[in-house]
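Participant: Below: one structure in structure tokens.
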Amino acid sequence: MNRAIISGRLSREPYTGNGVVKFTVAVDRKYKQEGQPDADFIDCVAFGKTMEFVNNYLKKGMKVILEGRITVGSYTTKDGYHANSTSIMVDSVEFAESKKAEQGPRAEEFMEIDIDDDSLPFN
């Protein structure tokens with residue numbers, strides 16, 4: 001069975017062309033070693049309704065959870081070099097945090113209160 005589920009942040013804005021959307025998700029590594037990258041950057045591709053969702057709602061820096069299948073391809077560069085590519089063909093995407101969490105707290109969301117220290121039960 002070929003199923004992949006990842007959680008991470010979009011590392012750049014999604015790119016749309018030829019009926020597909022391409023984007024990269026940065027996934028933090030659980031175990032970090034000095035001198036090694038802290039994250040893996042996973043290329044993702046989506047079609048159809050999933051493509052529309054990504055185009056309409058996802059931006060760089062947003063945290064997402066996605067599910068799809070891993071695909072491996074090969075190609076030859078202009079210089080004649082043979083290369084392989086690995087990506088996830090995305091079937092579904094969902095937000096991994098609320099819009100408020102993404103933006104951080106704002107000053108107007110906090111309320112000032114005046115407390116009389118003498119009324120506190122623990123002084």
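Order determines the names: the first chain of the structure tokens is A, the second B, and so forth; residues in each chain are numbered 1 upward, and ligands are numbered 1 upward as they are shown.
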Show me, as a list in words, the residues that have an atom within 8 Å of stretch 76-92 of chain A when counting only C-alpha atoms, minus same-chain residues fewer than 3 positions from it.
Facilitator: Ala4, Ile42, Asp43, Cys44, Val45, Ala46, Phe47, Thr50, Leu66, Glu67, Gly68, Arg69, Ile70, Thr71, Val72 and Gly73 of chain A
Participant: Might you pull out every residue within 12 Å of A:Gly17, with only C-alpha atoms counted and same-chain residues fewer than 3 positions away left off, and present them as a list of chain:residue names?
Facilitator: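 Counting only the stated atoms, we get A:Pro14, A:Val20, A:Val21, A:Lys22, A:Phe23, A:Val45, A:Ala46, A:Phe47, A:Met51, A:Asn55.
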Participant: Just list the residues in stretch 3-108 of chain A DSSP gives helix (DSSP H, G or I) on the backbone, as a count of residues only.
Facilitator: 17
Participant: If you measure from atom CA of A:Asn2 to atom CA of A:Gln33, what distance in Å do you get, rounded to one decimal?
Facilitator: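 About the pair atom CA of A:Asn2 and atom CA of A:Gln33: they are 28.6 Å apart.
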